[in-house]
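Structure data follow from data-v8.pdb (PDB, C-alpha atoms):
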ATOM      1  CA  MET A  30     122.251 204.910  73.023
ATOM      2  CA  ASP A  31     124.042 207.961  74.390
ATOM      3  CA  SER A  32     123.770 209.281  77.909
ATOM      4  CA  THR A  33     121.263 212.015  77.008
ATOM      5  CA  THR A  34     118.775 209.421  75.768
ATOM      6  CA  LEU A  35     119.307 207.309  78.865
ATOM      7  CA  ILE A  36     118.676 210.311  81.106
ATOM      8  CA  ALA A  37     115.536 211.190  79.136
ATOM      9  CA  ILE A  38     114.183 207.635  79.445
ATOM     10  CA  ALA A  39     114.943 207.492  83.164
ATOM     11  CA  SER A  40     113.381 210.934  83.724
ATOM     12  CA  ILE A  41     110.140 210.111  81.929
ATOM     13  CA  VAL A  42     109.719 206.743  83.644
ATOM     14  CA  THR A  43     110.538 208.241  87.035
ATOM     15  CA  ALA A  44     108.156 211.155  86.484
ATOM     16  CA  GLY A  45     105.325 208.751  85.717
ATOM     17  CA  LEU A  46     106.126 206.623  88.747
ATOM     18  CA  THR A  47     106.429 209.719  90.945
ATOM     19  CA  ILE A  48     103.069 211.148  90.042
ATOM     20  CA  SER A  49     101.229 207.808  90.163
ATOM     21  CA  LEU A  50     102.635 206.602  93.476
ATOM     22  CA  GLY A  51     102.568 210.121  94.877
ATOM     23  CA  CYS A  52      98.880 210.535  94.101
ATOM     24  CA  LEU A  53      97.978 207.118  95.512
ATOM     25  CA  ALA A  54      98.683 207.754  99.171
ATOM     26  CA  PRO A  55      97.235 211.301  99.377
ATOM     27  CA  ALA A  56      94.094 210.066  97.607
ATOM     28  CA  LEU A  57      93.618 207.375 100.260
ATOM     29  CA  GLY A  58      94.256 209.922 102.988
ATOM     30  CA  GLU A  59      91.862 212.471 101.532
ATOM     31  CA  GLY A  60      89.159 209.864 101.123
ATOM     32  CA  LYS A  61      89.564 208.796 104.714
ATOM     33  CA  SER A  62      89.459 212.371 106.025
ATOM     34  CA  VAL A  63      86.394 213.297 103.959
ATOM     35  CA  ALA A  64      84.583 210.147 105.103
ATOM     36  CA  THR A  65      85.367 210.912 108.737
ATOM     37  CA  ALA A  66      84.288 214.531 108.337
ATOM     38  CA  LEU A  67      80.996 213.472 106.739
ATOM     39  CA  THR A  68      80.343 211.099 109.624
ATOM     40  CA  ALA A  69      81.052 213.893 112.073
ATOM     41  CA  VAL A  70      78.763 216.328 110.237
ATOM     42  CA  ALA A  71      75.994 213.718 110.141
ATOM     43  CA  GLN A  72      76.302 213.180 113.867
ATOM     44  CA  GLN A  73      76.665 216.832 114.823
ATOM     45  CA  PRO A  74      75.238 219.161 112.184
ATOM     46  CA  ASP A  75      75.730 222.143 114.519
ATOM     47  CA  ALA A  76      79.501 221.806 114.271
ATOM     48  CA  ALA A  77      79.425 221.757 110.465
ATOM     49  CA  PRO A  78      81.172 225.137 109.874
ATOM     50  CA  THR A  79      84.096 224.276 112.150
ATOM     51  CA  ILE A  80      84.419 220.778 110.721
ATOM     52  CA  THR A  81      84.253 222.059 107.152
ATOM     53  CA  ARG A  82      86.913 224.700 107.792
ATOM     54  CA  THR A  83      89.239 222.214 109.435
ATOM     55  CA  LEU A  84      88.509 219.708 106.678
ATOM     56  CA  PHE A  85      89.481 222.167 103.972
ATOM     57  CA  VAL A  86      92.725 223.034 105.714
ATOM     58  CA  GLY A  87      93.507 219.361 106.244
ATOM     59  CA  LEU A  88      92.652 218.468 102.664
ATOM     60  CA  ALA A  89      94.925 221.192 101.358
ATOM     61  CA  MET A  90      97.745 219.985 103.610
ATOM     62  CA  ILE A  91      97.305 216.397 102.368
ATOM     63  CA  GLU A  92      96.975 217.566  98.809
ATOM     64  CA  SER A  93     100.257 219.423  99.018
ATOM     65  CA  LEU A  94     101.982 216.028  99.307
ATOM     66  CA  ALA A  95     100.626 215.134  95.892
ATOM     67  CA  ILE A  96     101.575 218.613  94.707
ATOM     68  CA  TYR A  97     105.183 218.045  95.821
ATOM     69  CA  CYS A  98     105.276 214.903  93.692
ATOM     70  CA  PHE A  99     103.776 216.856  90.794
ATOM     71  CA  VAL A 100     106.436 219.549  91.114
ATOM     72  CA  VAL A 101     109.183 216.935  91.167
ATOM     73  CA  SER A 102     107.810 215.222  88.063
ATOM     74  CA  MET A 103     107.449 218.574  86.268
ATOM     75  CA  ILE A 104     111.062 219.392  87.119
ATOM     76  CA  LEU A 105     112.125 215.974  85.791
ATOM     77  CA  ILE A 106     110.309 216.496  82.502
ATOM     78  CA  PHE A 107     110.628 220.217  81.740
ATOM     79  CA  ALA A 108     113.575 221.466  83.799
ATOM     80  CA  ASN A 109     115.801 218.443  84.180
ATOM     81  CA  PRO A 110     119.155 219.642  85.555
ATOM     82  CA  PHE A 111     121.125 216.560  84.478
ATOM     83  CA  ILE A 112     120.224 216.564  80.811
ATOM     84  CA  HIS A 113     122.128 219.822  80.188
ATOM     85  CA  VAL A 114     125.180 218.408  81.938
ATOM     86  CA  ALA A 115     125.038 215.317  79.754
ATOM     87  CA  ALA A 116     124.490 217.388  76.600
ATOM     88  CA  ALA A 117     127.473 219.583  77.490
ATOM     89  CA  ALA A 118     129.603 216.470  78.098
ATOM     90  CA  VAL A 119     128.583 215.040  74.721
ATOM     91  CA  ALA A 120     129.334 218.309  72.936
ATOM     92  CA  LYS A 121     132.783 218.513  74.474
TER      93      LYS A 121
ATOM     94  CA  MET B  30     103.835 225.985  77.561
ATOM     95  CA  ARG B  31     105.682 228.042  80.159
ATOM     96  CA  LEU B  32     106.586 226.492  83.488
ATOM     97  CA  SER B  33     106.454 229.835  85.308
ATOM     98  CA  PRO B  34     105.622 233.489  84.554
ATOM     99  CA  ASP B  35     109.319 234.259  85.094
ATOM    100  CA  LEU B  36     109.958 233.119  81.535
ATOM    101  CA  LEU B  37     107.657 235.730  79.983
ATOM    102  CA  VAL B  38     109.984 238.716  79.715
ATOM    103  CA  PHE B  39     108.553 242.081  78.737
ATOM    104  CA  TRP B  40     111.683 244.196  78.785
ATOM    105  CA  ARG B  41     115.352 243.373  79.139
ATOM    106  CA  HIS B  42     118.307 245.645  79.621
ATOM    107  CA  GLY B  43     121.572 243.984  80.468
ATOM    108  CA  PHE B  44     121.343 242.281  83.837
ATOM    109  CA  ALA B  45     117.902 243.656  84.673
ATOM    110  CA  ASN B  46     114.846 242.142  83.087
ATOM    111  CA  LEU B  47     111.211 242.840  83.663
ATOM    112  CA  ASN B  48     109.256 239.606  83.607
ATOM    113  CA  ALA B  49     105.565 238.875  84.102
ATOM    114  CA  THR B  50     106.028 238.032  87.788
ATOM    115  CA  ILE B  51     107.456 241.457  88.642
ATOM    116  CA  VAL B  52     104.990 243.356  86.470
ATOM    117  CA  PHE B  53     101.916 241.626  87.866
ATOM    118  CA  THR B  54     103.224 241.879  91.435
ATOM    119  CA  TRP B  55     103.681 245.630  90.991
ATOM    120  CA  ALA B  56     100.219 245.924  89.452
ATOM    121  CA  LEU B  57      98.710 244.051  92.404
ATOM    122  CA  MET B  58     100.617 246.159  94.929
ATOM    123  CA  LEU B  59      99.444 249.313  93.191
ATOM    124  CA  ALA B  60      95.831 248.148  92.999
ATOM    125  CA  LEU B  61      95.732 247.012  96.640
ATOM    126  CA  THR B  62      97.443 250.135  98.010
ATOM    127  CA  VAL B  63      95.474 252.637  95.956
ATOM    128  CA  GLY B  64      92.241 250.747  96.589
ATOM    129  CA  ALA B  65      92.784 250.677 100.346
ATOM    130  CA  ARG B  66      93.746 254.382 100.308
ATOM    131  CA  LEU B  67      90.625 255.329  98.365
ATOM    132  CA  VAL B  68      88.334 253.327 100.642
ATOM    133  CA  THR B  69      89.848 254.512 103.904
ATOM    134  CA  ALA B  70      89.948 258.168 102.842
ATOM    135  CA  HIS B  71      86.265 258.650 103.695
ATOM    136  CA  LEU B  72      85.609 256.404 106.671
ATOM    137  CA  SER B  73      82.329 256.943 108.488
ATOM    138  CA  MET B  74      81.713 256.153 112.132
ATOM    139  CA  ASP B  75      77.921 256.018 112.069
ATOM    140  CA  LEU B  76      75.686 253.300 110.672
ATOM    141  CA  LYS B  77      75.614 254.716 107.160
ATOM    142  CA  ARG B  78      78.611 253.240 105.373
ATOM    143  CA  THR B  79      79.803 252.657 101.895
ATOM    144  CA  ARG B  80      79.897 249.138 100.505
ATOM    145  CA  TRP B  81      83.677 249.200 100.218
ATOM    146  CA  GLN B  82      84.064 250.149 103.862
ATOM    147  CA  ASN B  83      81.809 247.236 104.788
ATOM    148  CA  LEU B  84      83.955 244.945 102.652
ATOM    149  CA  LEU B  85      87.170 246.027 104.352
ATOM    150  CA  GLU B  86      85.624 245.820 107.815
ATOM    151  CA  ILE B  87      84.389 242.281 107.165
ATOM    152  CA  LEU B  88      87.843 241.349 105.879
ATOM    153  CA  VAL B  89      89.724 242.818 108.836
ATOM    154  CA  THR B  90      87.437 241.540 111.591
ATOM    155  CA  SER B  91      87.135 238.040 110.151
ATOM    156  CA  MET B  92      90.900 237.801 109.687
ATOM    157  CA  ALA B  93      91.407 238.939 113.279
ATOM    158  CA  THR B  94      89.023 236.287 114.618
ATOM    159  CA  GLN B  95      90.547 233.608 112.405
ATOM    160  CA  ILE B  96      94.095 234.235 113.564
ATOM    161  CA  GLU B  97      92.961 234.470 117.176
ATOM    162  CA  SER B  98      91.294 231.070 116.784
ATOM    163  CA  VAL B  99      94.696 229.466 116.112
ATOM    164  CA  GLY B 100      96.171 230.934 119.280
ATOM    165  CA  VAL B 101      97.718 234.230 118.172
ATOM    166  CA  SER B 102      96.702 236.745 120.789
ATOM    167  CA  PRO B 103      96.253 239.630 120.630
ATOM    168  CA  GLY B 104      95.256 239.089 117.034
ATOM    169  CA  ARG B 105      95.350 242.792 116.153
ATOM    170  CA  LYS B 106      99.063 242.948 116.941
ATOM    171  CA  TYR B 107      99.971 240.465 114.208
ATOM    172  CA  LEU B 108      97.149 241.367 111.858
ATOM    173  CA  GLY B 109      99.423 243.648 109.849
ATOM    174  CA  PHE B 110     101.760 240.825 108.862
ATOM    175  CA  LEU B 111      99.326 237.913 108.538
ATOM    176  CA  GLY B 112      96.608 240.012 106.932
ATOM    177  CA  THR B 113      99.015 241.373 104.344
ATOM    178  CA  LEU B 114     100.070 237.846 103.430
ATOM    179  CA  PHE B 115      96.436 236.751 103.103
ATOM    180  CA  VAL B 116      95.274 239.757 101.118
ATOM    181  CA  PHE B 117      98.206 239.641  98.703
ATOM    182  CA  ILE B 118      97.990 235.899  98.017
ATOM    183  CA  ALA B 119      94.204 235.948  97.767
ATOM    184  CA  ALA B 120      94.259 238.890  95.358
ATOM    185  CA  ALA B 121      97.034 237.288  93.305
ATOM    186  CA  ASN B 122      95.078 234.046  93.022
ATOM    187  CA  LEU B 123      91.647 235.559  92.442
ATOM    188  CA  CYS B 124      92.834 237.844  89.642
ATOM    189  CA  THR B 125      93.284 234.773  87.426
ATOM    190  CA  VAL B 126      89.723 235.444  86.224
ATOM    191  CA  PHE B 127      91.145 238.293  84.137
ATOM    192  CA  PRO B 128      92.362 237.056  80.750
ATOM    193  CA  GLY B 129      96.045 237.608  80.083
ATOM    194  CA  TYR B 130      96.865 237.707  83.762
ATOM    195  CA  GLU B 131      99.369 235.241  85.155
ATOM    196  CA  SER B 132      99.417 234.785  88.880
ATOM    197  CA  PRO B 133     102.760 235.829  90.398
ATOM    198  CA  THR B 134     102.260 233.104  93.004
ATOM    199  CA  ALA B 135     102.709 230.541  90.205
ATOM    200  CA  SER B 136     106.385 231.525  90.217
ATOM    201  CA  LEU B 137     108.738 229.949  92.722
ATOM    202  CA  SER B 138     110.497 233.317  93.238
ATOM    203  CA  THR B 139     107.390 234.949  94.709
ATOM    204  CA  THR B 140     106.483 232.070  96.986
ATOM    205  CA  VAL B 141     110.057 231.685  98.233
ATOM    206  CA  ALA B 142     110.098 235.412  99.018
ATOM    207  CA  LEU B 143     106.842 235.121 100.968
ATOM    208  CA  ALA B 144     108.074 232.043 102.837
ATOM    209  CA  LEU B 145     111.348 233.833 103.670
ATOM    210  CA  CYS B 146     109.303 236.707 105.116
ATOM    211  CA  VAL B 147     107.682 234.183 107.469
ATOM    212  CA  PHE B 148     111.063 232.574 108.185
ATOM    213  CA  VAL B 149     112.517 235.942 109.255
ATOM    214  CA  ALA B 150     109.417 237.344 110.935
ATOM    215  CA  VAL B 151     108.747 234.426 113.281
ATOM    216  CA  PRO B 152     112.059 234.735 115.233
ATOM    217  CA  LEU B 153     111.654 238.522 115.296
ATOM    218  CA  PHE B 154     108.216 238.233 116.877
ATOM    219  CA  GLY B 155     109.659 235.646 119.265
ATOM    220  CA  PHE B 156     112.467 238.010 120.344
ATOM    221  CA  ARG B 157     110.047 240.884 120.814
ATOM    222  CA  ASP B 158     107.612 238.872 122.857
ATOM    223  CA  GLN B 159     109.827 236.596 124.951
ATOM    224  CA  GLY B 160     113.274 238.133 124.780
ATOM    225  CA  PHE B 161     116.353 236.440 123.344
ATOM    226  CA  ARG B 162     116.700 233.775 126.056
ATOM    227  CA  GLY B 163     113.016 233.011 126.078
ATOM    228  CA  TYR B 164     112.963 232.529 122.333
ATOM    229  CA  MET B 165     116.088 230.365 122.341
ATOM    230  CA  ARG B 166     114.507 228.200 125.015
ATOM    231  CA  THR B 167     111.770 227.178 122.558
ATOM    232  CA  TYR B 168     114.443 225.312 120.569
ATOM    233  CA  ILE B 169     115.214 222.991 123.494
ATOM    234  CA  ASP B 170     111.635 222.979 124.635
ATOM    235  CA  PRO B 171     110.904 219.495 125.955
ATOM    236  CA  THR B 172     114.524 218.275 126.024
ATOM    237  CA  PRO B 173     117.809 219.422 124.414
ATOM    238  CA  ILE B 174     117.649 216.270 122.282
ATOM    239  CA  MET B 175     115.032 218.044 120.189
ATOM    240  CA  LEU B 176     117.444 220.838 119.159
ATOM    241  CA  PRO B 177     118.470 219.453 115.724
ATOM    242  CA  PHE B 178     114.906 218.478 114.912
ATOM    243  CA  ASN B 179     113.641 221.949 115.778
ATOM    244  CA  ILE B 180     116.259 223.529 113.516
ATOM    245  CA  ILE B 181     115.400 221.114 110.689
ATOM    246  CA  SER B 182     111.708 221.859 111.117
ATOM    247  CA  GLN B 183     112.377 225.599 110.788
ATOM    248  CA  LEU B 184     113.985 225.007 107.392
ATOM    249  CA  SER B 185     111.658 222.301 106.122
ATOM    250  CA  ARG B 186     108.482 224.202 106.941
ATOM    251  CA  THR B 187     109.791 227.229 105.066
ATOM    252  CA  LEU B 188     110.460 225.029 102.039
ATOM    253  CA  ALA B 189     107.033 223.409 102.427
ATOM    254  CA  LEU B 190     105.271 226.790 102.591
ATOM    255  CA  ALA B 191     106.978 227.931  99.395
ATOM    256  CA  VAL B 192     106.537 224.724  97.404
ATOM    257  CA  ARG B 193     102.932 224.203  98.511
ATOM    258  CA  LEU B 194     101.738 227.560  97.237
ATOM    259  CA  PHE B 195     103.879 227.392  94.094
ATOM    260  CA  GLY B 196     102.833 223.837  93.253
ATOM    261  CA  ASN B 197      99.139 224.477  93.723
ATOM    262  CA  MET B 198      99.114 227.619  91.605
ATOM    263  CA  MET B 199     101.463 226.255  88.929
ATOM    264  CA  SER B 200      99.510 223.013  88.625
ATOM    265  CA  GLY B 201      96.255 224.933  88.249
ATOM    266  CA  ALA B 202      97.659 227.027  85.406
ATOM    267  CA  MET B 203      99.263 223.993  83.775
ATOM    268  CA  ILE B 204      96.133 221.822  83.958
ATOM    269  CA  ILE B 205      94.126 224.613  82.309
ATOM    270  CA  SER B 206      96.676 224.978  79.527
ATOM    271  CA  ILE B 207      96.722 221.204  78.942
ATOM    272  CA  LEU B 208      92.915 221.040  78.923
ATOM    273  CA  LEU B 209      92.764 223.922  76.434
ATOM    274  CA  THR B 210      94.503 221.703  73.890
ATOM    275  CA  ILE B 211      92.324 218.645  74.596
ATOM    276  CA  THR B 212      88.802 219.896  75.377
ATOM    277  CA  PRO B 213      88.874 223.575  74.483
ATOM    278  CA  PHE B 214      85.546 224.980  75.611
ATOM    279  CA  PHE B 215      83.864 223.660  78.742
ATOM    280  CA  PHE B 216      86.357 221.938  81.021
ATOM    281  CA  PRO B 217      88.894 224.799  81.253
ATOM    282  CA  ILE B 218      86.124 226.981  82.715
ATOM    283  CA  VAL B 219      85.312 224.359  85.341
ATOM    284  CA  MET B 220      88.965 223.983  86.225
ATOM    285  CA  THR B 221      89.344 227.774  86.444
ATOM    286  CA  ALA B 222      86.496 227.860  88.960
ATOM    287  CA  LEU B 223      88.172 225.069  90.897
ATOM    288  CA  GLY B 224      91.424 227.027  90.710
ATOM    289  CA  LEU B 225      89.735 230.045  92.319
ATOM    290  CA  LEU B 226      88.633 227.859  95.239
ATOM    291  CA  THR B 227      92.112 226.342  95.522
ATOM    292  CA  GLY B 228      93.627 229.810  95.465
ATOM    293  CA  MET B 229      91.468 231.048  98.325
ATOM    294  CA  VAL B 230      92.147 227.903 100.364
ATOM    295  CA  GLN B 231      95.881 228.248  99.762
ATOM    296  CA  ALA B 232      95.856 231.918 100.795
ATOM    297  CA  TYR B 233      93.978 230.958 103.965
ATOM    298  CA  ILE B 234      96.375 228.108 104.716
ATOM    299  CA  PHE B 235      99.483 230.194 104.126
ATOM    300  CA  SER B 236      98.394 232.903 106.559
ATOM    301  CA  ILE B 237      96.983 230.442 109.101
ATOM    302  CA  LEU B 238     100.205 228.400 109.090
ATOM    303  CA  ALA B 239     102.239 231.580 109.562
ATOM    304  CA  GLY B 240      99.898 232.371 112.460
ATOM    305  CA  VAL B 241     100.465 228.932 113.958
ATOM    306  CA  TYR B 242     104.238 229.411 113.761
ATOM    307  CA  ILE B 243     103.943 232.829 115.396
ATOM    308  CA  ALA B 244     101.674 231.441 118.112
ATOM    309  CA  ALA B 245     104.241 228.733 118.852
ATOM    310  CA  VAL B 246     107.025 231.242 119.571
ATOM    311  CA  THR B 247     105.141 234.080 121.249
ATOM    312  CA  GLY B 248     104.231 231.990 124.267
ATOM    313  CA  THR B 249     100.603 233.003 124.197
ATOM    314  CA  GLN B 250      99.366 229.627 123.047
ATOM    315  CA  LYS B 251      98.532 228.587 126.593
ATOM    316  CA  LEU B 252      95.602 230.970 126.625
ATOM    317  CA  ARG B 253      92.396 229.326 125.550
ATOM    318  CA  PRO B 254      91.086 230.887 122.346
ATOM    319  CA  ALA B 255      87.753 232.621 122.562
ATOM    320  CA  PRO B 256      84.851 230.286 121.717
ATOM    321  CA  GLN B 257      83.595 230.557 118.172
ATOM    322  CA  THR B 258      80.169 232.114 117.869
TER     323      THR B 258
END

Whole structure given in structure tokens:
Amino acid sequence: MDSTTLIAIASIVTAGLTISLGCLAPALGEGKSVATALTAVAQQPDAAPTITRTLFVGLAMIESLAIYCFVVSMILIFANPFIHVAAAAVAK
Amino acid sequence: MRLSPDLLVFWRHGFANLNATIVFTWALMLALTVGARLVTAHLSMDLKRTRWQNLLEILVTSMATQIESVGVSPGRKYLGFLGTLFVFIAAANLCTVFPGYESPTASLSTTVALALCVFVAVPLFGFRDQGFRGYMRTYIDPTPIMLPFNIISQLSRTLALAVRLFGNMMSGAMIISILLTITPFFFPIVMTALGLLTGMVQAYIFSILAGVYIAAVTGTQKLRPAPQT
């Protein structure tokens, strides 16, 4: 098993771990924030527009954490910087 | 499957190449500039207005109230910068309804450029509003111990602005292209609609975050914002 294969295996496994673990925590956070916002809207329906606007901003901020993990896993799979180095070393 | 519209090259001559990001950015700039010129050429002051003038007035006044609600005051002073960011990103994301169009914000080059604009503009607004010493004092604001953390936060929030917009737009395009191979007809449409919502939210967040950063350095954040009606 040459180094390119090893890097490919490590990249794929790490990408899967990144996206699964990285989606876990933001999902919990988003669920918690939506539940709290729904409680607040149920208690004070007058404040619904403000709460909804803040909720959307907060959700997008939380979701960007998952998006960072997604970007990292995409880089690992499609634009891995190490695999070219290893391929060049093998070709040498 | 392309990771970014940078890889779709229309024309190449030596060092210079003309990829989809540049072409669609130019098209958007042209459409926005010419559209705004055409609408504002015949402005009316009385109650009888064209629909396009109403559209632009709603856009400008609601953006001004939104950025004043995060503490940027006077909102009109910074409306040129923040409004341009919002209008460009929103237009770039909403135009994904046109077939064949690829959003330039799905390319890391565009989002890094926009984030660098914020990175440069925030100290400039700080200098103009508070002077050099006043702006530099915001770095050691509670105590001088916070100096390295403030510098790190300047860099990390620029990176976060760029990667957030890029990741959201790129993931939307990629999910649609994956779904097209699995369930070709119905679900891509649903995800496109969701992508339009995400695009608007991201445009709003980008400009609001830039507004928050500006409000933090212009020293006007102590004023209470006007109550929302």

Starting from chain A, keep only residues with some atom at most 9 Å from an atom of chain B, counting all atoms listed in the file, and report them as a ChimeraX atom specification.
/A:79,85-86,89-90,92-94,96-97,99-100,103,107-108

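Relative to CA of Leu61 (chain B), CA of Leu223 (chain B) is found at 23.9 Å.
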
Evaluate the PyMOL selection byres ((chain B and resi 154) around 12) and record the selected residues as JSON, numbers by chain, following the chain and residue labels used in the document.
{"B": [101, 106, 107, 110, 146, 147, 148, 149, 150, 151, 152, 153, 155, 156, 157, 158, 159, 160, 161, 163, 164, 239, 240, 242, 243, 244, 245, 246, 247, 248, 249]}

Give me a file of those residues, with C-alpha atoms, as a JSON list (two decimals), in the coordinates of the input.
[["chain", "number", "residue", "atom", "x", "y", "z"],
["B", 101, "VAL", "CA", 97.72, 234.23, 118.17],
["B", 106, "LYS", "CA", 99.06, 242.95, 116.94],
["B", 107, "TYR", "CA", 99.97, 240.46, 114.21],
["B", 110, "PHE", "CA", 101.76, 240.82, 108.86],
["B", 146, "CYS", "CA", 109.30, 236.71, 105.12],
["B", 147, "VAL", "CA", 107.68, 234.18, 107.47],
["B", 148, "PHE", "CA", 111.06, 232.57, 108.18],
["B", 149, "VAL", "CA", 112.52, 235.94, 109.26],
["B", 150, "ALA", "CA", 109.42, 237.34, 110.94],
["B", 151, "VAL", "CA", 108.75, 234.43, 113.28],
["B", 152, "PRO", "CA", 112.06, 234.74, 115.23],
["B", 153, "LEU", "CA", 111.65, 238.52, 115.30],
["B", 155, "GLY", "CA", 109.66, 235.65, 119.26],
["B", 156, "PHE", "CA", 112.47, 238.01, 120.34],
["B", 157, "ARG", "CA", 110.05, 240.88, 120.81],
["B", 158, "ASP", "CA", 107.61, 238.87, 122.86],
["B", 159, "GLN", "CA", 109.83, 236.60, 124.95],
["B", 160, "GLY", "CA", 113.27, 238.13, 124.78],
["B", 161, "PHE", "CA", 116.35, 236.44, 123.34],
["B", 163, "GLY", "CA", 113.02, 233.01, 126.08],
["B", 164, "TYR", "CA", 112.96, 232.53, 122.33],
["B", 239, "ALA", "CA", 102.24, 231.58, 109.56],
["B", 240, "GLY", "CA", 99.90, 232.37, 112.46],
["B", 242, "TYR", "CA", 104.24, 229.41, 113.76],
["B", 243, "ILE", "CA", 103.94, 232.83, 115.40],
["B", 244, "ALA", "CA", 101.67, 231.44, 118.11],
["B", 245, "ALA", "CA", 104.24, 228.73, 118.85],
["B", 246, "VAL", "CA", 107.02, 231.24, 119.57],
["B", 247, "THR", "CA", 105.14, 234.08, 121.25],
["B", 248, "GLY", "CA", 104.23, 231.99, 124.27],
["B", 249, "THR", "CA", 100.60, 233.00, 124.20]]

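Distance-wise, CA of Ala65 (chain B) and CA of Leu85 (chain B) end up 8.3 Å apart.
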
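Note that the spacing between CA of Arg166 (chain B) and CA of Ser185 (chain B) amounts to 20.0 Å.
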
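Within the 8 Å cut-off around region 41-52 of chain A, using all atoms listed in the file and omitting residues fewer than 2 positions from it on the same chain, the listed residues are Ala37, Ile38, Ala39, Ala54, Pro55, Ala56, Leu94, Ala95, Cys98, Phe99, Val101, Ser102, Met103, Leu105 and Ile106 of chain A.
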
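Proximity of A:Pro78, A:Leu88, A:Thr83, A:Ser32 to Gly60 (chain A), computed with only C-alpha atoms, is greatest for A:Leu88.
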
Written as a PyMOL selection string, which residues does the PyMOL selection byres ((chain B and resi 111-127) around 8) give for the file shown?
chain B and resi 54+57-58+89+92+107-110+128-134+143+198+221+225+228-229+232-233+235-237+239-240

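Among the candidates B:Thr62, B:Gln95, B:Thr90, B:Thr139, the one nearest to Pro34 (chain B) when counting all atoms listed in the file is B:Thr139.
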
Mind checking which residues fall within 10 Å of region 214-217 of chain B, counting all atoms listed in the file, ignoring those fewer than 5 positions away in the same chain, and posting them as a list in words?
Ala202, Ile204, Ile205, Ser206, Ile207, Leu208, Leu209, Ala222 and Leu223 of chain B

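The result of the PyMOL selection byres ((chain A and resi 112) around 10) on the shown file is A:Ser32, A:Thr33, A:Thr34, A:Leu35, A:Ile36, A:Ala37, A:Ser40, A:Leu105, A:Ala108, A:Asn109, A:Pro110, A:Phe111, A:His113, A:Val114, A:Ala115, A:Ala116, A:Ala117, A:Ala118.
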
Extract, using all atoms listed in the file, all DNA, RNA and protein residues at most 8 Å from Ile180 (chain B), discarding same-chain residues fewer than 4 positions from it, and format them as a ChimeraX atom specification.
/B:168,176,184

Box centre and edge lengths (Å, one decimal), axis-aligned, region 42-45 of chain A plus 5 Å each side, as AutoDock Vina command-line options:
--center_x 107.9 --center_y 208.9 --center_z 85.3 --size_x 15.2 --size_y 14.4 --size_z 13.4
